[in-house]
Amino acid sequence: MDTHQAMEEEDYELLEWVLNRTNPKIVTLEFNEVETEDYDKVIDSLEKQLTRIYDICSTR
């Protein structure tokens with residue numbers, strides 16, 4: 001089974017590095033829900049990741 005982990009600091013740094021060298025029109029976050037996960041925790045994690053990604057992208 002392919003499950004995706006939450007982004008870590010290293011991932012955000014890589015995103016910043018890439019965005020400093022490119023000009024994408026869209027940045028996406030892939031999400032794969034697993035039935036055994038606590039839905040509220042998943043939503044909280046996604047909100048935090050999306051907020052951080054938005055903050056990084058909006059400074060460009």
# chains A, B, ... in the order shown; residues from 1 in each chain; ligands from 1
call {"tool": "closest_atom_pairs", "arguments": {"of": "range 11-30 of chain A", "to": "range 34-46 of chain A", "cutoff": "12 Å", "atoms": "only C-alpha atoms", "output": "Markdown table"}}
result
| residue | atom | partner | partner_atom | distance |
| --- | --- | --- | --- | --- |
| A:Thr28 | CA | A:Leu46 | CA | 11.8 |
| A:Leu29 | CA | A:Leu46 | CA | 8.7 |
| A:Glu30 | CA | A:Leu46 | CA | 9.8 |
call {"tool": "atom_distance", "arguments": {"atom1": "CA of Ser58 in chain A", "atom2": "CA of Tyr12 in chain A"}}
result
13.6 Å
call {"tool": "closest_residue", "arguments": {"among": "A:Val27, A:Glu10, A:His4, A:Arg21", "to": "Cys57 in chain A", "atoms": "only C-alpha atoms"}}
result
A:Val27
call {"tool": "residues_around", "arguments": {"residues": "Gln5 in chain A", "least_positions_apart": "3", "cutoff": "10 Å", "atoms": "only C-alpha atoms", "output": "list of chain:residue names"}}
result
A:Asp2, A:Glu8, A:Glu30, A:Phe31, A:Asn32
call {"tool": "atom_distance", "arguments": {"atom1": "CA of Glu33 in chain A", "atom2": "CA of Arg52 in chain A"}}
result
20.0 Å
call {"tool": "atom_distance", "arguments": {"atom1": "CA of Lys48 in chain A", "atom2": "CA of Trp17 in chain A"}}
result
19.9 Å
